[in-house]
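J.: My structure is below; once you've seen it, I'll send some questions.
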Amino acid sequence: MRIAVVGAGVSGLVLARTLRDAGHEVCVFDKGRGVGGRLATRRREQGAFDHGAQRFSARSEAFRAEVDAWERAGVVARTEPASDEPWWVPQPDANALARALAAGLEVRVSTRVTSLRRQNHAWRLALEGGGDPGPFDVVLLTAPAPQSAALLAPHGVFTEALARVQYTPTWALLLLCDAEGVTWPTRTFTEGRNGDPIHLLVREGGKPGRPPDDALVRLVVHATSAFSLAHLDESDAAVTAALVAALRAWPGFEALRVRFAQAHRWRFARVVAPLGEPALYDAERGLGVAGDGMLGPRIEAAWESGRALAERVLAQPADTRG
């Protein structure tokens, strides 16, 4: 079969690799400039900033085996636990894991799919800016549920199910600061206090595989869901000012000197109401949906969803699609 996967996050890449390894021709499309979705890294002259997903755990036996393989390959490393369970981070940056998953796949980035149409028992994809990469026997969507729902709405597929998936946004702030004058936390990942607009403070130099801090310290701040919702449509400058002021209110941070700041809004950052089933697949039409919106806001959930959708596609005889 010839299969299109829309979305190059963890779910989409795992889905595409599984189907390709089973002998199918797979092409992945993503509107971003690179693969990974929220496994995102911004690179500047002073170093890299992981401004999306920060760390992950492994609870199922199958995912623990996968993470062990990633660890042996050197693309993830253990980091300080936030609880009794171990945590991992990709290395040398968050996007490294996505790049490893994408290796050998046909991936078209900076390519937005604007609509799907059925023609002669096959699917055609309309791309922003033109072009027709089809035909495809199967189209599988792994973008956030509202984006997948918009593509599927004209075909009346999975409408009610996708409407039940809910997300909350997150503002992320990248900061380059002077090392002197601040009493830095000993932990790489520091949780904000109750009532604080800051949910998480991350020292990039404390992560495995990263250059350590020197005269300048690289920080990533994640705002709380409440702050992010309240300030969702404010300017980057306003959000930056508010979060820097909140950080300076932390004990020991009063003299914080910021050399560089950049805000990034993740509109679909965290799933707060997942669908509760690992994947959706209409075998007759050759349409499917996966992603963290299916099972919850964890990298493991995205991985499980991508695998589950691949298994459903592979279990369906090709001659049953109309």
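Just so we're on the same page: first chain in the structure tokens is A, next is B, and so on; residues restart at 1 for each chain, and ligands are numbered from 1 in the order they show up.
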Which polymer residues have any atom within 9 Å of an atom of Leu280 of chain A, counting only C-alpha atoms, with same-chain residues fewer than 6 positions away left out, as a ChimeraX atom specification?
T.: /A:158,161,287-290,294,309,312
J.: Those same residues, written as an mmCIF file, in the first residue's frame with C-alpha atoms?
T.:
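File written: result-v1.cif
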data_model
loop_
_atom_site.group_PDB
_atom_site.id
_atom_site.type_symbol
_atom_site.label_atom_id
_atom_site.label_comp_id
_atom_site.auth_asym_id
_atom_site.auth_seq_id
_atom_site.Cartn_x
_atom_site.Cartn_y
_atom_site.Cartn_z
ATOM 1 C CA PHE A 158 -14.576 10.530 13.637
ATOM 2 C CA ALA A 161 -14.815 11.318 18.888
ATOM 3 C CA LEU A 287 -8.603 6.861 7.213
ATOM 4 C CA GLY A 288 -7.095 6.787 10.684
ATOM 5 C CA VAL A 289 -6.130 8.994 13.627
ATOM 6 C CA ALA A 290 -3.428 8.631 16.289
ATOM 7 C CA MET A 294 -5.996 9.427 22.149
ATOM 8 C CA LEU A 309 -2.858 2.544 14.601
ATOM 9 C CA ARG A 312 -4.909 -1.815 12.917
#
J.: Which residues come within 7 Å of Arg203 of chain A, counting only C-alpha atoms, excluding same-chain residues fewer than 2 positions away, as a PyMOL selection string?
T.: chain A and resi 188-189+201+205-206+218-220
J.: Running DSSP on the backbone, which parts of segment 14-134 of chain A land in strand (DSSP E), as a PyMOL selection string?
T.: chain A and resi 25-29+41-44+47-50+76-79+87-90+106-108+113-119+122-127
J.: Expressed in Å to a single decimal, how great is the separation between atom CA of Leu174 of chain A and atom CA of Glu45 of chain A?
T.: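 Pair atom CA of Leu174 of chain A / atom CA of Glu45 of chain A returns 13.5 Å.
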J.: Go through A:Asn194, A:Ser115, A:Thr79, A:Gln91 and flag the residue nearest Thr224 of chain A, using only C-alpha atoms for the distances.
T.: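 Of all the options, A:Asn194 lies closest to Thr224 of chain A.
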J.: Can you measure atom CA of Leu314 of chain A to atom CA of Arg2 of chain A for me? One decimal in Å is fine.
T.: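 Straight-line distance from atom CA of Leu314 of chain A to atom CA of Arg2 of chain A works out to 12.5 Å.
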J.: Which residues of segment 131-188 of chain A sit at most 9 Å from segment 235-253 of chain A, using only C-alpha atoms? Give each one's shortest atom pair and distance in Å (one decimal place), in chain and ascending residue order, as CSV.
T.:
residue,atom,partner,partner_atom,distance
A:Trp171,CA,A:Val239,CA,7.9
A:Leu173,CA,A:Thr240,CA,6.8
A:Leu175,CA,A:Val244,CA,8.9
A:Gly181,CA,A:Phe253,CA,7.8
A:Val182,CA,A:Phe253,CA,5.2
A:Thr183,CA,A:Gly252,CA,4.7
A:Trp184,CA,A:Gly252,CA,7.3
J.: For a quick check of understanding, using only C-alpha atoms, which of A:Ala308, A:Asp233, A:Ala301, A:Arg78 has the smallest distance to Phe63 of chain A?
T.: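 Of the candidates, the smallest distance to Phe63 of chain A is held by A:Ala301.
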J.: Taking into account only C-alpha atoms, which residue in the set A:Gln262, A:Gln166, A:Gln46, A:Gln147 is nearest to Asp30 of chain A?
T.: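 Residue with the minimum atom-to-atom distance to Asp30 of chain A: A:Gln147.
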J.: Suppose you want the space between atom CA of Val217 of chain A and atom CA of Ile299 of chain A; what is it in Å?
T.: 27.1 Å
J.: I'd like to know which residues of segment 65-204 of chain A are alpha helix (DSSP H) (by DSSP, run on the backbone); could you write them as JSON, numbers by chain?
T.: {"A": [65, 66, 67, 68, 69, 70, 71, 72, 73, 95, 96, 97, 98, 99, 100, 101, 102, 145, 146, 147, 148, 149, 150, 151, 152, 159, 160, 161, 162, 163]}
J.: Fewer than 5 positions away in the same chain doesn't count, so skip those; otherwise give me all residues within 9 Å of Gln54 of chain A, counting only C-alpha atoms, as a PyMOL selection string.
T.: chain A and resi 39+88-90+94+189+202
J.: With N, CA and C atoms kept, could you save the residues just selected as a compact mmCIF listing (two decimals), in the first residue's frame?
T.:
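Produced file selection.txt, reproduced below:
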# COMPACT_ATOMS: atom_id res chain seq x y z
N LEU A 39 8.78 17.62 20.55
CA LEU A 39 10.20 17.31 20.81
C LEU A 39 11.02 18.36 20.06
N TRP A 88 13.80 10.05 31.55
CA TRP A 88 14.78 10.16 30.47
C TRP A 88 14.62 11.49 29.76
N VAL A 89 15.71 11.92 29.15
CA VAL A 89 15.68 13.06 28.22
C VAL A 89 16.42 12.65 26.96
N PRO A 90 15.98 13.11 25.80
CA PRO A 90 16.77 12.90 24.59
C PRO A 90 18.09 13.66 24.69
N ALA A 94 16.48 17.79 22.60
CA ALA A 94 15.18 17.11 22.58
C ALA A 94 14.84 16.59 21.19
N PHE A 189 15.38 20.41 36.89
CA PHE A 189 13.95 20.68 36.70
C PHE A 189 13.37 21.15 38.03
N VAL A 202 13.67 25.06 33.85
CA VAL A 202 14.62 24.05 33.39
C VAL A 202 15.96 24.72 33.09
J.: Show me, as number ranges by chain, the residues that have an atom within 9 Å of Pro135 of chain A when counting only C-alpha atoms, minus same-chain residues fewer than 2 positions from it.
T.: A: 2-3, 119, 122-125, 132-133, 137
